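S.K.: Before anything else, here's the structure in question.
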Amino acid sequence: ASGLAALAVPSWLDSLRSARRADAHAILLKAQLDQEKYRGNNTSYASTTTALGWASANSADGYYTVAFSGVGATGYTSTATAVSGTSQAGDSGCTAIVLSQSAGNTTTTPAACWKK
């Protein structure tokens with residue numbers, strides 16, 4: 001029985017982490033929408049979540065925080081980083097999930113972290 005548990009638990013954790021990536025997707029997509037609203041009234045995108053009017057940079061379920069980099073008039077990069085001490089911090093290859101906007105083009109990386 002313990003051998004079966006040794007096989008089942010890692011598989012279950014991987015499935016749980018994969019499902020919880022939706023928390024990162026949600027905050028990144030919210031950031032994208034709010035960035036476009038912000039840009040409509042300003043000469044560049046917002047460099048902080050505070051500028052977007054957010055009370056917190058944490059995702060709804062608390063597994064990720066979001067931050068912006070490469071901010072300018074034509075684009076930005078949003079990165080959802082797994083919070084230390086959560087199950088997502090052990091999500092190999094997906095501890096930082098990225099959505100970039102550049103001159104009207106959106107890219108998401110790593111690709112495996114965006115699969116449903």
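Residues are referred to by chain and number: the chain letter is A, B, ... according to the order shown in the structure tokens, the number counts from 1 in that chain, and ligands are numbered separately from 1 in the order shown.
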Can you pull out every residue within 12 Å of A:Thr50, counting only C-alpha atoms, but drop anything in the same chain fewer than 2 positions away, and send it as JSON, numbers by chain?

M.R.: {"A": [31, 34, 35, 38, 46, 47, 48, 52, 53, 54, 55, 56, 57, 58, 66, 67, 68]}

S.K.: For the residues selected in the previous step, produce a file with N, CA, C and O atoms as a compact mmCIF listing (two decimals), in the first residue's frame.

M.R.:
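Final file, result20.txt:
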```txt
# COMPACT_ATOMS: atom_id res chain seq x y z
N ALA A 31 -4.63 41.75 -15.10
CA ALA A 31 -3.61 42.79 -15.29
C ALA A 31 -3.64 43.30 -16.73
O ALA A 31 -3.54 44.51 -16.96
N ASP A 34 -6.67 45.58 -17.11
CA ASP A 34 -6.49 46.82 -16.38
C ASP A 34 -5.38 47.68 -16.99
O ASP A 34 -5.46 48.91 -16.98
N GLN A 35 -4.35 47.04 -17.53
CA GLN A 35 -3.28 47.79 -18.20
C GLN A 35 -3.83 48.52 -19.43
O GLN A 35 -3.47 49.67 -19.69
N TYR A 38 -5.75 51.49 -18.27
CA TYR A 38 -4.80 52.50 -17.80
C TYR A 38 -4.15 53.22 -18.98
O TYR A 38 -4.06 54.44 -19.01
N ALA A 46 1.11 51.03 -16.87
CA ALA A 46 1.42 51.19 -15.45
C ALA A 46 2.62 50.32 -15.07
O ALA A 46 2.75 49.20 -15.54
N SER A 47 3.44 50.85 -14.19
CA SER A 47 4.62 50.08 -13.77
C SER A 47 4.39 49.34 -12.46
O SER A 47 5.21 48.51 -12.07
N THR A 48 3.28 49.64 -11.77
CA THR A 48 2.97 48.96 -10.51
C THR A 48 1.49 48.60 -10.45
O THR A 48 0.67 49.22 -11.13
N LEU A 52 -2.52 50.76 -10.93
CA LEU A 52 -3.75 50.23 -11.52
C LEU A 52 -4.93 50.31 -10.55
O LEU A 52 -6.05 49.96 -10.90
N GLY A 53 -4.65 50.72 -9.32
CA GLY A 53 -5.70 50.82 -8.32
C GLY A 53 -5.92 49.55 -7.53
O GLY A 53 -6.92 49.41 -6.82
N TRP A 54 -4.99 48.62 -7.63
CA TRP A 54 -5.12 47.36 -6.90
C TRP A 54 -4.70 47.55 -5.44
O TRP A 54 -3.71 48.22 -5.15
N ALA A 55 -5.41 46.92 -4.54
CA ALA A 55 -5.05 46.96 -3.12
C ALA A 55 -3.90 46.01 -2.82
O ALA A 55 -3.16 46.18 -1.86
N SER A 56 -3.74 45.00 -3.66
CA SER A 56 -2.71 43.98 -3.43
C SER A 56 -2.23 43.42 -4.76
O SER A 56 -2.98 43.38 -5.73
N ALA A 57 -0.98 42.97 -4.78
CA ALA A 57 -0.42 42.33 -5.98
C ALA A 57 -0.63 40.82 -5.94
O ALA A 57 -0.16 40.10 -6.81
N ASN A 58 -1.35 40.33 -4.93
CA ASN A 58 -1.58 38.90 -4.78
C ASN A 58 -2.74 38.43 -5.64
O ASN A 58 -3.73 39.15 -5.82
N VAL A 66 1.94 39.33 -8.68
CA VAL A 66 2.23 39.82 -10.02
C VAL A 66 3.07 41.09 -9.93
O VAL A 66 2.93 41.88 -9.00
N ALA A 67 3.98 41.22 -10.88
CA ALA A 67 4.82 42.41 -10.99
C ALA A 67 5.03 42.71 -12.47
O ALA A 67 4.92 41.82 -13.32
N PHE A 68 5.33 43.97 -12.76
CA PHE A 68 5.52 44.42 -14.14
C PHE A 68 6.98 44.79 -14.38
O PHE A 68 7.65 45.29 -13.50
```

S.K.: Can you tell me, as a JSON list (two decimals) with N, CA and C atoms, in the first residue's frame, what residues are no more than 10 Å from A:Ala22 when counting only C-alpha atoms, ignoring any on the same chain fewer than 5 positions away?

M.R.:
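What ended up in out.json:
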```
[["chain", "number", "residue", "atom", "x", "y", "z"],
["A", 17, "ARG", "N", -1.10, 21.26, -8.68],
["A", 17, "ARG", "CA", -0.32, 22.44, -9.10],
["A", 17, "ARG", "C", -0.77, 22.93, -10.47],
["A", 27, "ILE", "N", -4.93, 36.31, -12.68],
["A", 27, "ILE", "CA", -4.36, 37.61, -12.31],
["A", 27, "ILE", "C", -3.63, 38.25, -13.50],
["A", 28, "LEU", "N", -3.01, 37.43, -14.34],
["A", 28, "LEU", "CA", -2.33, 37.99, -15.52],
["A", 28, "LEU", "C", -3.33, 38.56, -16.52],
["A", 59, "SER", "N", -2.61, 37.20, -6.14],
["A", 59, "SER", "CA", -3.69, 36.59, -6.90],
["A", 59, "SER", "C", -4.86, 36.27, -5.96],
["A", 61, "ASP", "N", -6.40, 33.56, -5.10],
["A", 61, "ASP", "CA", -6.24, 32.44, -4.18],
["A", 61, "ASP", "C", -4.94, 32.50, -3.39],
["A", 63, "TYR", "N", -1.76, 32.20, -4.40],
["A", 63, "TYR", "CA", -0.64, 31.35, -4.81],
["A", 63, "TYR", "C", 0.43, 32.11, -5.59],
["A", 113, "CYS", "N", 3.07, 26.03, -19.18],
["A", 113, "CYS", "CA", 2.35, 26.56, -18.01],
["A", 113, "CYS", "C", 1.00, 27.17, -18.37],
["A", 114, "TRP", "N", 0.76, 27.37, -19.65],
["A", 114, "TRP", "CA", -0.50, 27.94, -20.11],
["A", 114, "TRP", "C", -1.45, 26.88, -20.66],
["A", 115, "LYS", "N", -1.03, 25.63, -20.71],
["A", 115, "LYS", "CA", -1.91, 24.56, -21.19],
["A", 115, "LYS", "C", -2.96, 24.29, -20.15],
["A", 116, "LYS", "N", -4.14, 23.97, -20.62],
["A", 116, "LYS", "CA", -5.25, 23.67, -19.70],
["A", 116, "LYS", "C", -5.37, 22.20, -19.49]]
```

S.K.: Please identify all polymer residues within 9 Å of A:Gln32, counting only C-alpha atoms, omitting same-chain residues fewer than 3 positions from it, and present them as a ChimeraX atom specification.

M.R.: /A:27-29,35-37,78,99-101

S.K.: Quote the spacing between atom CA of A:Ser84 and atom CA of A:Thr109 in Å to one decimal place.

M.R.: 20.3 Å

S.K.: I'd like to know which of A:Ala73, A:Ser92, A:Arg39, A:His25 is closest to A:Thr108, using only C-alpha atoms.

M.R.: A:His25

S.K.: Figure out the distance between atom CA of A:Ser15 and atom CA of A:Lys30, please, to one decimal in Å.

M.R.: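 Distance between the two atoms: 24.0 Å.
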
S.K.: Of the candidates A:Gly40, A:Pro110, A:Gly62, A:Gly104, which shows the shortest atom-to-atom distance to A:Val83, using only C-alpha atoms?

M.R.: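 Looking at the shortest contact to A:Val83, the residue is A:Gly62.
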
S.K.: Would you return as a list of chain:residue names the members of chain A that DSSP assigns to strand (DSSP E or B) on this structure's backbone?

M.R.: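 Result set for chain A (strand (DSSP E or B)): A:Asn58, A:Tyr64, A:Thr65, A:Val66, A:Ala67, A:Phe68, A:Ser69, A:Gly75, A:Tyr76, A:Thr77, A:Ser78, A:Thr79, A:Ala80, A:Thr81, A:Ala82, A:Ala96, A:Ile97, A:Val98, A:Leu99, A:Ser100, A:Gln101, A:Ser102, A:Asn105, A:Thr106, A:Thr107, A:Thr108, A:Thr109.
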
S.K.: As an exercise, work out the distance from atom CA of A:Ala60 to atom CA of A:Thr107 in Å and give it to one decimal place.

M.R.: 22.4 Å

S.K.: Quick check for you: according to DSSP on this backbone, which residues of chain A are classed as alpha helix (DSSP H)? Reply as an MDAnalysis selection string.

M.R.: chainID A and resid 2:39

S.K.: From the set A:Thr95, A:Asn41, A:Ser102, A:Ser18, which residue has the shortest atom-to-atom contact distance to A:Ala80, counting only C-alpha atoms?

M.R.: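 Using only C-alpha atoms, A:Ala80 sits closest to A:Thr95.
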